[in-house]
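Worksheet: one structure, shown below.
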Amino acid sequence: MEIRAYTPADCQRTAALFYNTVHAVACRDYSQEQLDAWAPEDRDLTAWDQSFQGHFALVAVEGETLLGFGDITPTGYLDRLYVHQDHLRQGIATALCERLEGLVQGPIVTHASYTARPFFAQRGYRLVRAQAVERRGVKLTNFVMRKDR
(Lines give C-alpha, C1' and ligand atoms only; values in the text may rest on other atoms or scores of the structure.)
Protein backbone atom coordinates (compact mmCIF):
# COMPACT_ATOMS: atom_id res chain seq x y z
CA MET A 1 0.00 0.00 0.00
CA GLU A 2 1.19 3.47 -0.88
CA ILE A 3 -0.01 6.63 0.84
CA ARG A 4 0.43 9.72 -1.28
CA ALA A 5 -0.89 13.25 -1.65
CA TYR A 6 -4.36 13.68 -3.15
CA THR A 7 -4.45 15.06 -6.70
CA PRO A 8 -7.46 16.33 -8.69
CA ALA A 9 -7.25 13.08 -10.71
CA ASP A 10 -8.44 11.33 -7.51
CA CYS A 11 -11.60 13.43 -7.23
CA GLN A 12 -14.14 11.14 -8.87
CA ARG A 13 -12.77 7.98 -7.24
CA THR A 14 -12.76 9.50 -3.75
CA ALA A 15 -16.34 10.72 -4.22
CA ALA A 16 -17.44 7.24 -5.34
CA LEU A 17 -15.62 5.56 -2.44
CA PHE A 18 -17.22 8.02 -0.01
CA TYR A 19 -20.72 7.37 -1.36
CA ASN A 20 -20.33 3.59 -1.44
CA THR A 21 -18.68 3.29 1.97
CA VAL A 22 -21.17 5.52 3.76
CA HIS A 23 -24.11 3.66 2.24
CA ALA A 24 -22.64 0.17 2.83
CA VAL A 25 -21.03 0.61 6.24
CA ALA A 26 -22.92 3.35 8.10
CA CYS A 27 -26.31 1.81 7.24
CA ARG A 28 -26.34 0.01 10.59
CA ASP A 29 -26.22 3.36 12.42
CA TYR A 30 -28.19 5.75 10.19
CA SER A 31 -31.46 5.64 8.24
CA GLN A 32 -31.58 5.60 4.43
CA GLU A 33 -32.77 9.21 4.47
CA GLN A 34 -29.79 10.20 6.61
CA LEU A 35 -27.36 8.29 4.39
CA ASP A 36 -28.73 9.99 1.28
CA ALA A 37 -28.36 13.41 2.91
CA TRP A 38 -24.84 12.68 4.19
CA ALA A 39 -23.57 11.06 1.00
CA PRO A 40 -25.75 12.06 -1.95
CA GLU A 41 -25.27 10.60 -5.41
CA ASP A 42 -25.31 14.05 -7.00
CA ARG A 43 -22.16 15.42 -5.30
CA ASP A 44 -20.66 18.66 -6.65
CA LEU A 45 -17.28 17.32 -7.74
CA THR A 46 -15.78 20.78 -8.23
CA ALA A 47 -16.53 21.72 -4.61
CA TRP A 48 -15.38 18.26 -3.44
CA ASP A 49 -12.03 18.69 -5.21
CA GLN A 50 -11.58 22.26 -3.95
CA SER A 51 -12.18 21.16 -0.37
CA PHE A 52 -9.36 18.62 -0.65
CA GLN A 53 -7.05 21.16 -2.21
CA GLY A 54 -7.60 23.50 0.75
CA HIS A 55 -6.51 20.79 3.23
CA PHE A 56 -3.70 18.32 3.69
CA ALA A 57 -5.24 15.38 1.81
CA LEU A 58 -3.92 11.86 1.36
CA VAL A 59 -5.02 8.77 -0.51
CA ALA A 60 -4.08 5.15 0.10
CA VAL A 61 -3.67 3.12 -3.07
CA GLU A 62 -2.51 -0.31 -4.09
CA GLY A 63 -1.70 -0.28 -7.77
CA GLU A 64 -4.70 1.37 -9.39
CA THR A 65 -7.06 0.53 -6.50
CA LEU A 66 -8.11 3.34 -4.20
CA LEU A 67 -8.20 1.86 -0.69
CA GLY A 68 -9.04 5.00 1.29
CA PHE A 69 -8.52 8.70 1.79
CA GLY A 70 -8.47 11.37 4.44
CA ASP A 71 -7.87 15.07 4.96
CA ILE A 72 -7.05 17.48 7.75
CA THR A 73 -6.95 21.27 7.92
CA PRO A 74 -3.78 23.13 8.92
CA THR A 75 -5.52 23.97 12.23
CA GLY A 76 -6.10 20.30 13.10
CA TYR A 77 -9.68 19.58 12.01
CA LEU A 78 -9.71 16.00 10.71
CA ASP A 79 -12.45 16.39 8.14
CA ARG A 80 -12.74 13.05 6.33
CA LEU A 81 -11.33 9.57 6.80
CA TYR A 82 -12.87 6.79 4.70
CA VAL A 83 -11.78 3.31 3.67
CA HIS A 84 -13.21 1.21 0.86
CA GLN A 85 -15.87 -1.14 2.21
CA ASP A 86 -13.96 -4.19 0.94
CA HIS A 87 -10.75 -3.18 2.75
CA LEU A 88 -11.93 -2.42 6.28
CA ARG A 89 -9.91 -3.61 9.29
CA GLN A 90 -6.68 -3.87 7.32
CA GLY A 91 -4.87 -0.95 8.98
CA ILE A 92 -5.62 1.53 6.19
CA ALA A 93 -7.53 4.04 8.34
CA THR A 94 -4.86 3.78 11.03
CA ALA A 95 -2.06 4.43 8.54
CA LEU A 96 -3.89 7.38 6.98
CA CYS A 97 -4.81 8.82 10.37
CA GLU A 98 -1.23 8.59 11.67
CA ARG A 99 0.09 10.39 8.61
CA LEU A 100 -2.61 13.07 8.80
CA GLU A 101 -2.08 13.64 12.52
CA GLY A 102 1.64 14.05 11.85
CA LEU A 103 1.03 16.91 9.44
CA VAL A 104 -0.25 19.35 12.07
CA GLN A 105 0.74 20.61 15.50
CA GLY A 106 -1.47 20.74 18.58
CA PRO A 107 -4.82 19.13 19.28
CA ILE A 108 -6.89 17.44 16.61
CA VAL A 109 -10.68 17.61 16.41
CA THR A 110 -13.01 15.48 14.34
CA HIS A 111 -16.77 15.03 13.99
CA ALA A 112 -17.13 11.26 14.15
CA SER A 113 -20.17 9.31 13.08
CA TYR A 114 -21.66 6.60 15.28
CA THR A 115 -19.81 4.18 13.02
CA ALA A 116 -16.40 5.85 13.34
CA ARG A 117 -16.58 6.83 17.00
CA PRO A 118 -15.01 3.58 18.35
CA PHE A 119 -12.07 3.92 15.92
CA PHE A 120 -11.28 7.41 17.13
CA ALA A 121 -11.77 6.50 20.80
CA GLN A 122 -9.25 3.69 20.36
CA ARG A 123 -6.78 6.24 18.95
CA GLY A 124 -7.03 8.43 22.05
CA TYR A 125 -9.71 10.87 20.97
CA ARG A 126 -12.04 11.85 23.80
CA LEU A 127 -15.70 12.69 23.44
CA VAL A 128 -16.37 16.41 23.71
CA ARG A 129 -20.08 16.30 22.92
CA ALA A 130 -22.76 14.79 20.73
CA GLN A 131 -24.27 17.14 18.20
CA ALA A 132 -27.07 17.22 15.68
CA VAL A 133 -26.02 18.44 12.26
CA GLU A 134 -28.21 19.12 9.28
CA ARG A 135 -27.42 17.91 5.78
CA ARG A 136 -29.86 18.68 2.98
CA GLY A 137 -32.59 19.34 5.53
CA VAL A 138 -32.05 16.05 7.37
CA LYS A 139 -30.71 15.85 10.93
CA LEU A 140 -27.90 13.45 11.79
CA THR A 141 -26.09 12.89 15.06
CA ASN A 142 -22.33 12.85 15.21
CA PHE A 143 -19.72 13.35 17.92
CA VAL A 144 -17.16 16.07 18.39
CA MET A 145 -14.00 14.28 19.49
CA ARG A 146 -10.62 15.72 20.40
CA LYS A 147 -7.12 14.33 20.68
CA ASP A 148 -4.69 16.37 22.76
CA ARG A 149 -1.02 15.86 22.04
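Each chain in the C-alpha coordinates gets a letter, A, B, ..., in the order shown, and its residues are numbered from 1; ligands are numbered from 1 in order too.
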
**OP:** Excluding segment 64-75 of chain A and residues on its chain fewer than 3 positions from it, collect all residues at most 10 Å away from it, counting only C-alpha atoms, and give them as a PyMOL selection string.
**Re:** chain A and resi 1-6+10+13-14+17-18+21+51-61+78-88+90+92-93+96-97+99-101+103-110

**OP:** Rank A:Ser113, A:Asp148, A:Tyr77, A:Ala121 by their smallest atom-to-atom distance to Gln34 of chain A, using only C-alpha atoms, and report the top residue only.
**Re:**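 Looking at the shortest contact to Gln34 of chain A, the residue is A:Ser113.
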
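For Trp48 of chain A, the list of residues within 8 Å, based on only C-alpha atoms and with local chain neighbours fewer than 4 positions off taken out, reads Cys11, Ala15, Arg43, Asp44 and Phe52 of chain A.
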
**OP:** Using backbone DSSP assignments, extract all strand (DSSP E or B) residues from segment 42-80 of chain A; output them as a list in words.
**Re:** Phe56, Ala57, Leu58, Val59, Ala60, Val61, Glu62, Thr65, Leu66, Leu67, Gly68, Phe69, Gly70, Asp71, Ile72, Tyr77, Leu78, Asp79 and Arg80 of chain A

Subject >> Best match for closeness to Ala112 of chain A among A:Glu98, A:Gly124, A:Ala39, A:Met145, counting only C-alpha atoms >> reply: A:Met145

Original post:
Between A:Thr141, A:Gly91, A:Arg135, A:Trp38, which one has atoms that come closest to Phe119 of chain A, using only C-alpha atoms?
Top reply: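 Nearest to Phe119 of chain A: A:Gly91.
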
Subject >> Nearest to Gln131 of chain A, chosen from A:His111, A:Gly76, A:Arg117, A:Gln50, with only C-alpha atoms counted in the distances >> reply: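 Using only C-alpha atoms, Gln131 of chain A sits closest to A:His111.
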